[in-house]
Amino acid sequence: MSASANSGATPAKTRLTAAQLKRILQSQRRYVEGWWGGRPAALAHHDLSGLDLSNENLSGADLTGANLQGCKLDGARLERTNLFVADLRLASLEGADLSKADLRGARLWGARLERARLNEADFREGALAVPGAAKSADASYETQPADLQSIQAKGADFSGARLAGAALSMAQLTDSVLRRADLTGADLRRTNLTGANLDSADLRDAKLNDAVMRGAVLTDANLNGAELRGVDITGAIIDPGALADAVGRHELQGAALRRIAAEKLAKLLRLHAQWIDSDGRDGERALLSDTDLSGHDLRNVNLALAELTHVALRRANLSGALLAACDLSLADLRGANLSGADLRGAILTHAHLGGALLAGADLGPLEGVGAERVEIATNLEGAKLDGADLRRATLRRAKFDEADLAGARLDGADLTAADLSRARNNRTKS
């Protein structure tokens, strides 16, 4: 919608009766279903605040400047809907589809957008005529950036979204997808981007100070001029040299990976084996967090109960390894060989397992733990398993919330009682 279409003073919001709204929604349904007499809902500058419009199909509707504060739109279809400068503060849009919607200048402060689809949505600033300004070619306009501050958007998909200059400070974007998103000049200060996929995103001149980007994917992202003071990048995947022109790169948070000599590693492994065999009376537990073990040959090694958070094991050989109840959260296991490994009860939250070989691995529950004989499920929440080979793997009761399974091979795998309903890209290859 052009700025010129929004000239003059802001119109007063119209509140419809229940009967009037019902007729408009019926006509909208006929429109989206292709029936004669249907027409897109014309609800520009209407007051719809507090209404329950869950699961309604409002695709193509005109909601320019509408008041949708506190509205329930869970599961609603809003593809290509005109929401120019609409007020969606504190609205609930969980699981809604806003693909290619016009949200320029919209206000979404505090809105709930968990697992919403916002592919290619337009969140750029909106231009509004100054109230009372003369209606002429040179009328003055003021711009209003899209306000997404404090939104709750865990697992939301913003792929290809136009978010240049948008206000996203203090947003909850854990496990969200922002691939190819335009975030130039966006305000992302104190935003939680844990596990977010920012592959090929444009973050030039974005403000990211004090953001949390633990386990985030930033491959091919453009970070030139981005402000990164105090950003936690523990376990994030970033291309070499990508931070060269970023501002505050020397003030990043997150432990740097340390290398370990082969002799010292062998000693630690021996002590850990003694610790396991003696139930903790002898030896010493392996504490290998923040260590770079990429490419190491660790076949059949016993690292059960070891601390391996934020460890780099890229292309390492861990075939047949005992890794039960091991903490591998934020680990980089891309291309690693884990075939036949014992990963029962392991913690793999936000681990990077792209292209890993897990054929025949056991990622089922660890049973009979402790005096109460409890069961510990393997946790793959937020893990990146794109292209991983899980053929014939045991995945009983495994947790997959927000795990990325794009291109993963699961033929022959035991998925008994495993919940894949909240996994991403669950179109697995066989």
# chains A, B, ... in the order shown; residues from 1 in each chain; ligands from 1
>>> select_by_dssp(residues="segment 135-283 of chain A", states="strand (DSSP E)", output="short mmCIF file (atom, residue, chain, number, x, y, z; two decimals) with C-alpha atoms, in the first residue's frame")
data_model
loop_
_atom_site.label_atom_id
_atom_site.label_comp_id
_atom_site.auth_asym_id
_atom_site.auth_seq_id
_atom_site.Cartn_x
_atom_site.Cartn_y
_atom_site.Cartn_z
CA TYR A 141 5.12 12.42 6.07
CA GLU A 142 6.59 10.75 9.09
CA THR A 143 7.94 7.23 9.13
CA GLN A 144 7.10 4.60 11.70
CA VAL A 217 23.96 -20.50 12.75
CA LEU A 218 25.53 -17.51 10.98
CA ILE A 237 28.66 -21.35 13.79
CA ILE A 238 30.34 -18.35 12.15
CA ARG A 258 41.14 -24.60 23.68
CA ARG A 259 43.28 -27.28 22.09
#
>>> residues_around(residues="Leu380 of chain A", least_positions_apart="3", cutoff="6 Å", atoms="only C-alpha atoms", output="compact mmCIF listing (two decimals) with C-alpha atoms, in the first residue's frame")
# COMPACT_ATOMS: atom_id res chain seq x y z
CA LEU A 348 22.32 -32.63 22.65
CA THR A 349 20.35 -29.41 22.94
CA ALA A 383 19.58 -29.63 17.53
CA LYS A 399 12.89 -35.10 22.50
CA PHE A 400 12.87 -33.26 19.17
>>> closest_residue(among="A:Ala101, A:Leu271, A:Leu288, A:Leu330", to="Met213 of chain A", atoms="only C-alpha atoms")
A:Leu330
>>> closest_residue(among="A:Leu328, A:Val231, A:Leu269, A:Ala111", to="Glu251 of chain A", atoms="only C-alpha atoms")
A:Val231
